[in-house]
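Visitor: Contents of data.cif (mmCIF, C-alpha atoms):
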```
data_structure
loop_
_atom_site.group_PDB
_atom_site.id
_atom_site.type_symbol
_atom_site.label_atom_id
_atom_site.label_comp_id
_atom_site.auth_asym_id
_atom_site.auth_seq_id
_atom_site.Cartn_x
_atom_site.Cartn_y
_atom_site.Cartn_z
ATOM 1 C CA MET W 451 -170.771 -71.171 6.636
ATOM 2 C CA PRO W 452 -167.314 -71.016 8.270
ATOM 3 C CA LYS W 453 -165.803 -74.288 9.538
ATOM 4 C CA TYR W 454 -166.851 -73.770 13.187
ATOM 5 C CA GLN W 455 -170.463 -73.135 12.114
ATOM 6 C CA ASP W 456 -170.443 -76.197 9.842
ATOM 7 C CA GLU W 457 -169.169 -78.371 12.672
ATOM 8 C CA LEU W 458 -171.718 -76.969 15.123
ATOM 9 C CA ASP W 459 -174.499 -77.471 12.579
ATOM 10 C CA ALA W 460 -173.540 -81.121 12.019
ATOM 11 C CA VAL W 461 -173.285 -81.839 15.772
ATOM 12 C CA LEU W 462 -176.658 -80.221 16.564
ATOM 13 C CA ARG W 463 -178.414 -82.007 13.699
ATOM 14 C CA ALA W 464 -176.881 -85.288 14.888
ATOM 15 C CA LEU W 465 -178.052 -84.710 18.478
ATOM 16 C CA ALA W 466 -181.563 -83.538 17.519
ATOM 17 C CA ASP W 467 -182.704 -87.170 17.397
ATOM 18 C CA PRO W 468 -183.522 -89.185 20.538
ATOM 19 C CA THR W 469 -182.055 -92.466 19.217
ATOM 20 C CA ARG W 470 -178.747 -90.808 18.378
ATOM 21 C CA ARG W 471 -178.685 -89.104 21.792
ATOM 22 C CA ALA W 472 -179.284 -92.480 23.459
ATOM 23 C CA VAL W 473 -176.293 -93.889 21.530
ATOM 24 C CA VAL W 474 -174.120 -90.960 22.723
ATOM 25 C CA GLU W 475 -175.313 -91.487 26.336
ATOM 26 C CA ARG W 476 -174.331 -95.167 26.115
ATOM 27 C CA LEU W 477 -170.918 -94.411 24.560
ATOM 28 C CA ALA W 478 -170.114 -91.774 27.219
ATOM 29 C CA LYS W 479 -169.786 -94.731 29.624
ATOM 30 C CA SER W 480 -167.464 -96.810 27.381
ATOM 31 C CA PRO W 481 -166.931 -97.840 23.738
ATOM 32 C CA ALA W 482 -169.296 -100.560 22.482
ATOM 33 C CA VAL W 483 -169.631 -102.996 19.607
ATOM 34 C CA VAL W 484 -172.456 -102.325 17.157
ATOM 35 C CA SER W 485 -174.549 -105.360 18.168
ATOM 36 C CA ASP W 486 -174.486 -104.230 21.838
ATOM 37 C CA LEU W 487 -175.442 -100.699 20.820
ATOM 38 C CA ALA W 488 -178.379 -102.048 18.824
ATOM 39 C CA ALA W 489 -179.729 -104.260 21.630
ATOM 40 C CA PRO W 490 -181.781 -101.643 23.581
ATOM 41 C CA PHE W 491 -183.477 -100.315 20.429
ATOM 42 C CA SER W 492 -186.406 -101.930 18.687
ATOM 43 C CA MET W 493 -185.115 -101.022 15.250
ATOM 44 C CA ALA W 494 -183.580 -102.907 12.356
ATOM 45 C CA LEU W 495 -179.769 -102.949 12.278
ATOM 46 C CA PRO W 496 -179.599 -100.964 8.990
ATOM 47 C CA SER W 497 -181.573 -98.121 10.640
ATOM 48 C CA LEU W 498 -179.170 -98.066 13.574
ATOM 49 C CA MET W 499 -176.202 -98.133 11.174
ATOM 50 C CA GLN W 500 -177.696 -95.089 9.437
ATOM 51 C CA HIS W 501 -177.862 -93.237 12.772
ATOM 52 C CA LEU W 502 -174.246 -94.236 13.517
ATOM 53 C CA ARG W 503 -173.208 -92.901 10.117
ATOM 54 C CA VAL W 504 -174.807 -89.501 10.901
ATOM 55 C CA LEU W 505 -172.965 -89.412 14.250
ATOM 56 C CA GLU W 506 -169.671 -90.395 12.603
ATOM 57 C CA ASP W 507 -170.063 -87.842 9.759
ATOM 58 C CA ALA W 508 -170.670 -85.157 12.418
ATOM 59 C CA GLY W 509 -167.448 -86.201 14.188
ATOM 60 C CA VAL W 510 -169.353 -87.198 17.337
ATOM 61 C CA VAL W 511 -168.275 -90.857 17.226
ATOM 62 C CA THR W 512 -165.466 -92.844 15.643
ATOM 63 C CA SER W 513 -165.453 -96.536 14.811
ATOM 64 C CA GLU W 514 -162.883 -99.255 14.157
ATOM 65 C CA LYS W 515 -163.395 -102.641 12.580
ATOM 66 C CA HIS W 516 -161.445 -105.676 13.787
ATOM 67 C CA GLY W 517 -162.386 -108.753 11.756
ATOM 68 C CA ARG W 518 -166.184 -108.730 11.617
ATOM 69 C CA VAL W 519 -166.638 -106.662 14.778
ATOM 70 C CA ARG W 520 -167.027 -102.888 14.618
ATOM 71 C CA THR W 521 -166.374 -100.967 17.862
ATOM 72 C CA VAL W 522 -167.818 -97.460 18.227
ATOM 73 C CA SER W 523 -166.410 -94.792 20.590
ATOM 74 C CA LEU W 524 -167.334 -91.255 21.520
ATOM 75 C CA ARG W 525 -164.681 -89.035 19.903
ATOM 76 C CA PRO W 526 -162.722 -87.202 22.633
ATOM 77 C CA GLY W 527 -163.706 -83.528 22.554
ATOM 78 C CA ALA W 528 -166.579 -84.323 20.181
ATOM 79 C CA LEU W 529 -168.986 -82.031 22.007
ATOM 80 C CA ASP W 530 -166.503 -79.192 22.667
ATOM 81 C CA VAL W 531 -167.912 -77.153 19.772
ATOM 82 C CA LEU W 532 -171.328 -77.200 21.456
ATOM 83 C CA HIS W 533 -169.875 -76.317 24.906
ATOM 84 C CA LEU W 534 -168.106 -73.377 23.268
ATOM 85 C CA TRP W 535 -171.229 -72.138 21.505
ATOM 86 C CA LEU W 536 -173.320 -72.444 24.689
ATOM 87 C CA ASP W 537 -170.727 -70.464 26.651
ATOM 88 C CA GLU W 538 -170.927 -67.682 24.066
ATOM 89 C CA GLN W 539 -174.717 -67.475 24.488
ATOM 90 C CA ARG W 540 -174.628 -66.631 28.190
ATOM 91 C CA THR W 541 -176.480 -63.382 28.784
ATOM 92 C CA PRO W 542 -174.722 -60.445 30.503
ATOM 93 C CA ALA W 543 -176.528 -61.341 33.793
ATOM 94 C CA GLU W 544 -175.326 -64.963 33.572
ATOM 95 C CA ARG W 545 -171.732 -63.827 32.915
ATOM 96 C CA GLN W 546 -171.866 -61.634 36.019
ATOM 97 C CA ALA W 547 -173.151 -64.581 38.100
ATOM 98 C CA ASP W 548 -170.317 -66.768 36.715
ATOM 99 C CA ARG W 549 -167.696 -64.189 37.707
ATOM 100 C CA LEU W 550 -169.163 -64.040 41.210
ATOM 101 C CA GLY W 551 -169.039 -67.860 41.441
ATOM 102 C CA ILE W 552 -165.364 -67.951 40.371
ATOM 103 C CA HIS W 553 -164.545 -65.199 42.884
ATOM 104 C CA LEU W 554 -166.246 -67.122 45.719
ATOM 105 C CA THR W 555 -164.438 -70.369 44.789
ATOM 106 C CA ARG W 556 -161.099 -68.552 44.872
ATOM 107 C CA THR W 557 -161.656 -66.703 48.131
ATOM 108 C CA ASN W 558 -163.125 -69.760 49.906
ATOM 109 C CA PRO W 559 -161.164 -72.596 48.287
ATOM 110 C CA LYS W 560 -161.832 -75.151 51.036
ATOM 111 C CA GLU W 561 -165.607 -74.782 51.187
ATOM 112 C CA ASP W 562 -167.768 -77.147 49.155
ATOM 113 C CA MET B 1021 -190.383 -89.453 26.673
ATOM 114 C CA PRO B 1022 -190.064 -88.004 30.191
ATOM 115 C CA LYS B 1023 -190.354 -84.210 30.596
ATOM 116 C CA TYR B 1024 -186.575 -83.577 30.680
ATOM 117 C CA GLN B 1025 -186.112 -85.548 27.442
ATOM 118 C CA ASP B 1026 -189.028 -83.705 25.780
ATOM 119 C CA GLU B 1027 -187.516 -80.355 26.737
ATOM 120 C CA LEU B 1028 -184.054 -81.387 25.526
ATOM 121 C CA ASP B 1029 -185.526 -82.676 22.270
ATOM 122 C CA ALA B 1030 -187.373 -79.401 21.613
ATOM 123 C CA VAL B 1031 -184.292 -77.276 22.425
ATOM 124 C CA LEU B 1032 -181.983 -79.339 20.192
ATOM 125 C CA ARG B 1033 -184.453 -79.324 17.293
ATOM 126 C CA ALA B 1034 -184.812 -75.553 17.698
ATOM 127 C CA LEU B 1035 -181.033 -75.038 17.670
ATOM 128 C CA ALA B 1036 -180.367 -77.407 14.750
ATOM 129 C CA ASP B 1037 -181.079 -74.575 12.318
ATOM 130 C CA PRO B 1038 -178.548 -71.823 11.521
ATOM 131 C CA THR B 1039 -181.144 -69.012 11.298
ATOM 132 C CA ARG B 1040 -182.571 -69.885 14.712
ATOM 133 C CA ARG B 1041 -179.052 -70.079 16.179
ATOM 134 C CA ALA B 1042 -178.288 -66.629 14.728
ATOM 135 C CA VAL B 1043 -181.430 -65.295 16.454
ATOM 136 C CA VAL B 1044 -180.289 -66.820 19.779
ATOM 137 C CA GLU B 1045 -176.792 -65.320 19.322
ATOM 138 C CA ARG B 1046 -178.352 -61.875 18.757
ATOM 139 C CA LEU B 1047 -180.695 -62.198 21.769
ATOM 140 C CA ALA B 1048 -177.860 -63.297 24.076
ATOM 141 C CA LYS B 1049 -176.623 -59.677 23.800
ATOM 142 C CA SER B 1050 -180.008 -58.058 24.600
ATOM 143 C CA PRO B 1051 -183.750 -58.358 23.872
ATOM 144 C CA ALA B 1052 -184.816 -57.092 20.434
ATOM 145 C CA VAL B 1053 -187.954 -56.122 18.553
ATOM 146 C CA VAL B 1054 -189.006 -58.424 15.728
ATOM 147 C CA SER B 1055 -188.234 -55.946 12.929
ATOM 148 C CA ASP B 1056 -184.645 -55.530 14.242
ATOM 149 C CA LEU B 1057 -184.260 -59.306 14.498
ATOM 150 C CA ALA B 1058 -185.439 -59.678 10.897
ATOM 151 C CA ALA B 1059 -183.073 -57.028 9.471
ATOM 152 C CA PRO B 1060 -179.890 -59.169 9.062
ATOM 153 C CA PHE B 1061 -181.766 -62.020 7.332
ATOM 154 C CA SER B 1062 -182.770 -62.054 3.694
ATOM 155 C CA MET B 1063 -186.051 -63.809 4.426
ATOM 156 C CA ALA B 1064 -189.693 -62.801 4.433
ATOM 157 C CA LEU B 1065 -191.074 -61.742 7.820
ATOM 158 C CA PRO B 1066 -193.532 -64.698 7.999
ATOM 159 C CA SER B 1067 -190.587 -67.130 7.663
ATOM 160 C CA LEU B 1068 -188.741 -65.403 10.497
ATOM 161 C CA MET B 1069 -191.938 -65.432 12.607
ATOM 162 C CA GLN B 1070 -192.145 -69.183 12.017
ATOM 163 C CA HIS B 1071 -188.569 -69.613 13.326
ATOM 164 C CA LEU B 1072 -189.410 -67.446 16.370
ATOM 165 C CA ARG B 1073 -192.451 -69.626 17.047
ATOM 166 C CA VAL B 1074 -190.267 -72.771 17.069
ATOM 167 C CA LEU B 1075 -187.855 -71.073 19.517
ATOM 168 C CA GLU B 1076 -190.735 -69.920 21.728
ATOM 169 C CA ASP B 1077 -192.446 -73.354 21.709
ATOM 170 C CA ALA B 1078 -189.122 -74.892 22.768
ATOM 171 C CA GLY B 1079 -188.906 -72.403 25.661
ATOM 172 C CA VAL B 1080 -185.705 -70.867 24.286
ATOM 173 C CA VAL B 1081 -187.186 -67.379 23.843
ATOM 174 C CA THR B 1082 -190.129 -65.424 25.257
ATOM 175 C CA SER B 1083 -191.911 -62.467 23.679
ATOM 176 C CA GLU B 1084 -194.115 -59.603 24.810
ATOM 177 C CA LYS B 1085 -196.315 -57.351 22.700
ATOM 178 C CA HIS B 1086 -196.736 -53.690 23.576
ATOM 179 C CA GLY B 1087 -199.076 -51.996 21.111
ATOM 180 C CA ARG B 1088 -197.897 -53.115 17.681
ATOM 181 C CA VAL B 1089 -194.336 -53.868 18.761
ATOM 182 C CA ARG B 1090 -193.283 -57.380 19.813
ATOM 183 C CA THR B 1091 -190.063 -57.671 21.854
ATOM 184 C CA VAL B 1092 -188.277 -61.029 21.976
ATOM 185 C CA SER B 1093 -185.896 -62.098 24.770
ATOM 186 C CA LEU B 1094 -183.769 -65.128 25.505
ATOM 187 C CA ARG B 1095 -185.508 -66.968 28.360
ATOM 188 C CA PRO B 1096 -183.218 -67.007 31.436
ATOM 189 C CA GLY B 1097 -181.953 -70.567 31.936
ATOM 190 C CA ALA B 1098 -183.304 -71.547 28.505
ATOM 191 C CA LEU B 1099 -180.214 -73.543 27.619
ATOM 192 C CA ASP B 1100 -179.675 -75.124 31.068
ATOM 193 C CA VAL B 1101 -181.232 -78.407 29.923
ATOM 194 C CA LEU B 1102 -178.563 -78.675 27.217
ATOM 195 C CA HIS B 1103 -175.719 -77.734 29.625
ATOM 196 C CA LEU B 1104 -176.985 -80.477 31.956
ATOM 197 C CA TRP B 1105 -177.143 -83.112 29.226
ATOM 198 C CA LEU B 1106 -173.662 -82.203 27.950
ATOM 199 C CA ASP B 1107 -172.232 -82.498 31.472
ATOM 200 C CA GLU B 1108 -173.724 -85.976 31.771
ATOM 201 C CA GLN B 1109 -171.988 -87.064 28.550
ATOM 202 C CA ARG B 1110 -168.467 -86.386 29.781
ATOM 203 C CA THR B 1111 -166.375 -89.537 29.447
ATOM 204 C CA PRO B 1112 -164.624 -91.009 32.520
ATOM 205 C CA ALA B 1113 -161.301 -89.455 31.302
ATOM 206 C CA GLU B 1114 -162.921 -86.021 30.974
ATOM 207 C CA ARG B 1115 -164.421 -86.280 34.480
ATOM 208 C CA GLN B 1116 -160.977 -87.081 35.883
ATOM 209 C CA ALA B 1117 -159.487 -84.040 34.088
ATOM 210 C CA ASP B 1118 -162.319 -81.859 35.505
ATOM 211 C CA ARG B 1119 -161.585 -83.044 39.054
ATOM 212 C CA LEU B 1120 -157.889 -82.263 38.567
ATOM 213 C CA GLY B 1121 -158.791 -78.769 37.296
ATOM 214 C CA ILE B 1122 -161.018 -78.088 40.333
ATOM 215 C CA HIS B 1123 -158.269 -79.351 42.663
ATOM 216 C CA LEU B 1124 -155.694 -77.048 41.041
ATOM 217 C CA THR B 1125 -158.045 -74.036 41.237
ATOM 218 C CA ARG B 1126 -158.597 -74.704 44.939
ATOM 219 C CA THR B 1127 -154.953 -75.278 45.879
ATOM 220 C CA ASN B 1128 -153.699 -72.317 43.782
ATOM 221 C CA PRO B 1129 -156.589 -69.870 44.095
ATOM 222 C CA LYS B 1130 -154.549 -66.792 43.168
ATOM 223 C CA GLU B 1131 -153.071 -68.125 39.940
ATOM 224 C CA ASP B 1132 -154.813 -67.329 36.654
#
```
Render the structure in this file as C-alpha cells.

Guide:
Amino acid sequence: MPKYQDELDAVLRALADPTRRAVVERLAKSPAVVSDLAAPFSMALPSLMQHLRVLEDAGVVTSEKHGRVRTVSLRPGALDVLHLWLDEQRTPAERQADRLGIHLTRTNPKED
Amino acid sequence: MPKYQDELDAVLRALADPTRRAVVERLAKSPAVVSDLAAPFSMALPSLMQHLRVLEDAGVVTSEKHGRVRTVSLRPGALDVLHLWLDEQRTPAERQADRLGIHLTRTNPKED
C-alpha cells in the first residue's frame, strides 16, 4: 500500500477499539501522565501500555519520559489523514450541498 | 455502550480493512452492482459478500435486489458519526485555529 494508505490503515485500526478511542478523547482535552490515563479503566497497566503502544505506532499519540513519569499527548494533526479520507468519500449530492453551504456563508457573512 | 458509541464502533471496525475501504471509495462515486464491485479485487465472490455484509451491518452501505442483480449504495450520512467524533477530538489549539478561519471567511467573503 502507498504511504497515505498505510497511515490511514494504522489510524483506523488504532481507533477501532473503544479503550483506545477513550484514551484519544481524554488526550484531546490535554496531555496526561500514564497513571492518570489508566485510572478510569478497569484494566491492568500492561494492557493499557499495549493500547498506548498501538496508538503511538499509528502516530496518533506521542509520549515523553521525564524521570519515571511518562506524559502522553495527542499528536497535532494526528487525525488529518482520516479527515482527508472522509472528505474524499462525500457523494456527489453531499459535495453539491457543501458548495451551497459555502456560498450561503459567503453571501450572508454576518448571519449565524 | 450507548447507541452513538455502538454505531461509531461498527463504522470504525468496518473501515479498518483496506478492501472494505476500497468498496466505500468506489461507492462514493455511484451505486454499483455486486459483480462490478467484485471485479477489481482478486478475491472469491463469497469473501467480497462477507465484506459487504460487514459494511451493511455497520450501516455504511445499503443494498437492493432486483431479480438476480443486487445493487449496493453508500448510505447517505453513513459516515456522519465518524465526522462528529473527529470534530469532538479537536484539541483546544485546533478549535482556536478553526474559529480564526471562520472569522476570516466571514470578514473577507470574496477572497478564495

Visitor: Superposition of chain W onto chain B by least squares over all sequentially paired C-alpha atoms; the transformed chain is requested as a PDB file with C-alpha atoms, in the coordinates of the input.

Guide:
```pdb
ATOM      1  CA  MET W 451    -190.403 -89.451  26.668  1.00  0.00           C
ATOM      2  CA  PRO W 452    -190.070 -88.012  30.198  1.00  0.00           C
ATOM      3  CA  LYS W 453    -190.351 -84.224  30.603  1.00  0.00           C
ATOM      4  CA  TYR W 454    -186.571 -83.595  30.675  1.00  0.00           C
ATOM      5  CA  GLN W 455    -186.129 -85.564  27.430  1.00  0.00           C
ATOM      6  CA  ASP W 456    -189.025 -83.710  25.782  1.00  0.00           C
ATOM      7  CA  GLU W 457    -187.518 -80.368  26.739  1.00  0.00           C
ATOM      8  CA  LEU W 458    -184.059 -81.389  25.528  1.00  0.00           C
ATOM      9  CA  ASP W 459    -185.537 -82.678  22.270  1.00  0.00           C
ATOM     10  CA  ALA W 460    -187.376 -79.398  21.627  1.00  0.00           C
ATOM     11  CA  VAL W 461    -184.290 -77.277  22.426  1.00  0.00           C
ATOM     12  CA  LEU W 462    -181.981 -79.344  20.185  1.00  0.00           C
ATOM     13  CA  ARG W 463    -184.452 -79.334  17.290  1.00  0.00           C
ATOM     14  CA  ALA W 464    -184.813 -75.561  17.694  1.00  0.00           C
ATOM     15  CA  LEU W 465    -181.029 -75.042  17.665  1.00  0.00           C
ATOM     16  CA  ALA W 466    -180.370 -77.414  14.739  1.00  0.00           C
ATOM     17  CA  ASP W 467    -181.096 -74.568  12.315  1.00  0.00           C
ATOM     18  CA  PRO W 468    -178.553 -71.829  11.522  1.00  0.00           C
ATOM     19  CA  THR W 469    -181.147 -69.022  11.304  1.00  0.00           C
ATOM     20  CA  ARG W 470    -182.569 -69.885  14.714  1.00  0.00           C
ATOM     21  CA  ARG W 471    -179.051 -70.085  16.179  1.00  0.00           C
ATOM     22  CA  ALA W 472    -178.283 -66.640  14.739  1.00  0.00           C
ATOM     23  CA  VAL W 473    -181.425 -65.293  16.461  1.00  0.00           C
ATOM     24  CA  VAL W 474    -180.283 -66.827  19.787  1.00  0.00           C
ATOM     25  CA  GLU W 475    -176.776 -65.330  19.326  1.00  0.00           C
ATOM     26  CA  ARG W 476    -178.327 -61.889  18.768  1.00  0.00           C
ATOM     27  CA  LEU W 477    -180.678 -62.196  21.771  1.00  0.00           C
ATOM     28  CA  ALA W 478    -177.833 -63.300  24.086  1.00  0.00           C
ATOM     29  CA  LYS W 479    -176.602 -59.689  23.802  1.00  0.00           C
ATOM     30  CA  SER W 480    -179.984 -58.054  24.599  1.00  0.00           C
ATOM     31  CA  PRO W 481    -183.724 -58.370  23.872  1.00  0.00           C
ATOM     32  CA  ALA W 482    -184.799 -57.097  20.438  1.00  0.00           C
ATOM     33  CA  VAL W 483    -187.942 -56.123  18.572  1.00  0.00           C
ATOM     34  CA  VAL W 484    -188.996 -58.424  15.739  1.00  0.00           C
ATOM     35  CA  SER W 485    -188.214 -55.942  12.939  1.00  0.00           C
ATOM     36  CA  ASP W 486    -184.625 -55.538  14.245  1.00  0.00           C
ATOM     37  CA  LEU W 487    -184.237 -59.308  14.492  1.00  0.00           C
ATOM     38  CA  ALA W 488    -185.404 -59.684  10.897  1.00  0.00           C
ATOM     39  CA  ALA W 489    -183.035 -57.046   9.477  1.00  0.00           C
ATOM     40  CA  PRO W 490    -179.858 -59.191   9.060  1.00  0.00           C
ATOM     41  CA  PHE W 491    -181.745 -62.024   7.332  1.00  0.00           C
ATOM     42  CA  SER W 492    -182.760 -62.068   3.700  1.00  0.00           C
ATOM     43  CA  MET W 493    -186.037 -63.808   4.433  1.00  0.00           C
ATOM     44  CA  ALA W 494    -189.682 -62.809   4.450  1.00  0.00           C
ATOM     45  CA  LEU W 495    -191.061 -61.743   7.840  1.00  0.00           C
ATOM     46  CA  PRO W 496    -193.525 -64.690   8.006  1.00  0.00           C
ATOM     47  CA  SER W 497    -190.583 -67.128   7.677  1.00  0.00           C
ATOM     48  CA  LEU W 498    -188.750 -65.402  10.514  1.00  0.00           C
ATOM     49  CA  MET W 499    -191.936 -65.425  12.617  1.00  0.00           C
ATOM     50  CA  GLN W 500    -192.146 -69.184  12.036  1.00  0.00           C
ATOM     51  CA  HIS W 501    -188.580 -69.608  13.334  1.00  0.00           C
ATOM     52  CA  LEU W 502    -189.419 -67.441  16.372  1.00  0.00           C
ATOM     53  CA  ARG W 503    -192.458 -69.615  17.047  1.00  0.00           C
ATOM     54  CA  VAL W 504    -190.268 -72.767  17.071  1.00  0.00           C
ATOM     55  CA  LEU W 505    -187.862 -71.071  19.510  1.00  0.00           C
ATOM     56  CA  GLU W 506    -190.736 -69.910  21.728  1.00  0.00           C
ATOM     57  CA  ASP W 507    -192.451 -73.347  21.704  1.00  0.00           C
ATOM     58  CA  ALA W 508    -189.112 -74.885  22.769  1.00  0.00           C
ATOM     59  CA  GLY W 509    -188.908 -72.400  25.666  1.00  0.00           C
ATOM     60  CA  VAL W 510    -185.706 -70.860  24.284  1.00  0.00           C
ATOM     61  CA  VAL W 511    -187.185 -67.370  23.844  1.00  0.00           C
ATOM     62  CA  THR W 512    -190.114 -65.432  25.262  1.00  0.00           C
ATOM     63  CA  SER W 513    -191.888 -62.480  23.692  1.00  0.00           C
ATOM     64  CA  GLU W 514    -194.103 -59.611  24.826  1.00  0.00           C
ATOM     65  CA  LYS W 515    -196.283 -57.357  22.733  1.00  0.00           C
ATOM     66  CA  HIS W 516    -196.702 -53.679  23.608  1.00  0.00           C
ATOM     67  CA  GLY W 517    -199.058 -51.988  21.145  1.00  0.00           C
ATOM     68  CA  ARG W 518    -197.883 -53.115  17.711  1.00  0.00           C
ATOM     69  CA  VAL W 519    -194.315 -53.875  18.793  1.00  0.00           C
ATOM     70  CA  ARG W 520    -193.282 -57.378  19.834  1.00  0.00           C
ATOM     71  CA  THR W 521    -190.058 -57.670  21.874  1.00  0.00           C
ATOM     72  CA  VAL W 522    -188.268 -61.032  21.984  1.00  0.00           C
ATOM     73  CA  SER W 523    -185.886 -62.106  24.787  1.00  0.00           C
ATOM     74  CA  LEU W 524    -183.757 -65.137  25.502  1.00  0.00           C
ATOM     75  CA  ARG W 525    -185.500 -66.972  28.361  1.00  0.00           C
ATOM     76  CA  PRO W 526    -183.207 -67.018  31.426  1.00  0.00           C
ATOM     77  CA  GLY W 527    -181.926 -70.567  31.913  1.00  0.00           C
ATOM     78  CA  ALA W 528    -183.300 -71.557  28.499  1.00  0.00           C
ATOM     79  CA  LEU W 529    -180.205 -73.561  27.613  1.00  0.00           C
ATOM     80  CA  ASP W 530    -179.672 -75.132  31.064  1.00  0.00           C
ATOM     81  CA  VAL W 531    -181.229 -78.416  29.920  1.00  0.00           C
ATOM     82  CA  LEU W 532    -178.565 -78.688  27.211  1.00  0.00           C
ATOM     83  CA  HIS W 533    -175.716 -77.763  29.623  1.00  0.00           C
ATOM     84  CA  LEU W 534    -176.977 -80.488  31.956  1.00  0.00           C
ATOM     85  CA  TRP W 535    -177.154 -83.114  29.224  1.00  0.00           C
ATOM     86  CA  LEU W 536    -173.666 -82.223  27.944  1.00  0.00           C
ATOM     87  CA  ASP W 537    -172.238 -82.512  31.461  1.00  0.00           C
ATOM     88  CA  GLU W 538    -173.723 -86.001  31.753  1.00  0.00           C
ATOM     89  CA  GLN W 539    -171.996 -87.077  28.522  1.00  0.00           C
ATOM     90  CA  ARG W 540    -168.466 -86.401  29.751  1.00  0.00           C
ATOM     91  CA  THR W 541    -166.402 -89.561  29.448  1.00  0.00           C
ATOM     92  CA  PRO W 542    -164.644 -91.020  32.522  1.00  0.00           C
ATOM     93  CA  ALA W 543    -161.320 -89.488  31.299  1.00  0.00           C
ATOM     94  CA  GLU W 544    -162.931 -86.038  30.960  1.00  0.00           C
ATOM     95  CA  ARG W 545    -164.431 -86.292  34.471  1.00  0.00           C
ATOM     96  CA  GLN W 546    -160.989 -87.096  35.875  1.00  0.00           C
ATOM     97  CA  ALA W 547    -159.497 -84.063  34.074  1.00  0.00           C
ATOM     98  CA  ASP W 548    -162.312 -81.867  35.482  1.00  0.00           C
ATOM     99  CA  ARG W 549    -161.600 -83.044  39.034  1.00  0.00           C
ATOM    100  CA  LEU W 550    -157.911 -82.261  38.558  1.00  0.00           C
ATOM    101  CA  GLY W 551    -158.803 -78.764  37.277  1.00  0.00           C
ATOM    102  CA  ILE W 552    -161.042 -78.068  40.304  1.00  0.00           C
ATOM    103  CA  HIS W 553    -158.301 -79.324  42.643  1.00  0.00           C
ATOM    104  CA  LEU W 554    -155.706 -77.027  41.024  1.00  0.00           C
ATOM    105  CA  THR W 555    -158.056 -74.008  41.213  1.00  0.00           C
ATOM    106  CA  ARG W 556    -158.616 -74.655  44.917  1.00  0.00           C
ATOM    107  CA  THR W 557    -154.987 -75.214  45.846  1.00  0.00           C
ATOM    108  CA  ASN W 558    -153.737 -72.251  43.769  1.00  0.00           C
ATOM    109  CA  PRO W 559    -156.645 -69.811  44.096  1.00  0.00           C
ATOM    110  CA  LYS W 560    -154.654 -66.702  43.147  1.00  0.00           C
ATOM    111  CA  GLU W 561    -153.130 -68.019  39.929  1.00  0.00           C
ATOM    112  CA  ASP W 562    -154.874 -67.296  36.638  1.00  0.00           C
TER     113      ASP W 562
END
```

Visitor: Quick one: which residues end up in the PyMOL selection byres ((chain W) within 8 of (chain B)) for this structure, as JSON, numbers by chain?

Guide: {"W": [459, 462, 463, 465, 466, 467, 468, 474, 475, 478, 479, 480, 529, 533, 536, 538, 539, 540, 541, 542, 555, 556, 557, 559, 560]}

Visitor: Which is closer to Val510 of chain W than all the others in W:Gly551, W:Gln546, W:Ser523, W:Asp486, using all atoms listed in the file?

Guide: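 Closest to Val510 of chain W, using all atoms listed in the file: W:Ser523.
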
Visitor: Please indicate the distance in Å from atom CA of Lys1085 of chain B to atom CA of Val1053 of chain B, rounded to one decimal place.

Guide: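 Separating atom CA of Lys1085 of chain B from atom CA of Val1053 of chain B is a distance of 9.4 Å.
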
Visitor: At what distance in Å, to one decimal, does atom CA of Leu1104 of chain B lie from atom CA of Arg503 of chain W?

Guide: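 Atom-to-atom, atom CA of Arg503 of chain W and atom CA of Leu1104 of chain B are spaced 25.4 Å apart.
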
Visitor: Let me know the centre plus edge lengths, in Å and rounded to one decimal, of a box with edges along x, y and z that contains all listed atoms of segment 1068-1082 of chain B and is padded by 6 Å on every side, as lines of an AutoDock Vina configuration file.

Guide:
```
center_x = -189.1
center_y = -70.1
center_z = 18.1
size_x = 18.7
size_y = 21.5
size_z = 27.2
```

Visitor: Could you please determine the separation between atom CA of His1086 of chain B and atom CA of Glu1027 of chain B in Å, to one decimal place?

Guide: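 About the pair atom CA of His1086 of chain B and atom CA of Glu1027 of chain B: they are 28.4 Å apart.
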
Visitor: Could you check the closest approach to Arg470 of chain W for each of W:Val519, W:Ala489, W:Val511, W:Leu502 and tell me which residue wins, using only C-alpha atoms?

Guide: W:Leu502

Visitor: Do a neighbour search on Thr1039 of chain B at 9 Å with only C-alpha atoms, toss out local chain neighbours closer than 5 positions, and write the hits as a ChimeraX atom specification.

Guide: /B:1044,1061,1068,1071

Visitor: Grab the residues selected above and save them as an mmCIF file, in the frame of the given file with C-alpha atoms.

Guide:
```cif
data_model
loop_
_atom_site.group_PDB
_atom_site.id
_atom_site.type_symbol
_atom_site.label_atom_id
_atom_site.label_comp_id
_atom_site.auth_asym_id
_atom_site.auth_seq_id
_atom_site.Cartn_x
_atom_site.Cartn_y
_atom_site.Cartn_z
ATOM 1 C CA VAL B 1044 -180.289 -66.820 19.779
ATOM 2 C CA PHE B 1061 -181.766 -62.020 7.332
ATOM 3 C CA LEU B 1068 -188.741 -65.403 10.497
ATOM 4 C CA HIS B 1071 -188.569 -69.613 13.326
#
```

Visitor: Given the file above and the PyMOL selection byres ((chain B and resi 1052) around 6), which residues are selected, and can you give them as a list in words?

Guide: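 So the PyMOL selection byres ((chain B and resi 1052) around 6), applied here, picks out Pro1051, Val1053, Thr1091 and Val1092 of chain B.
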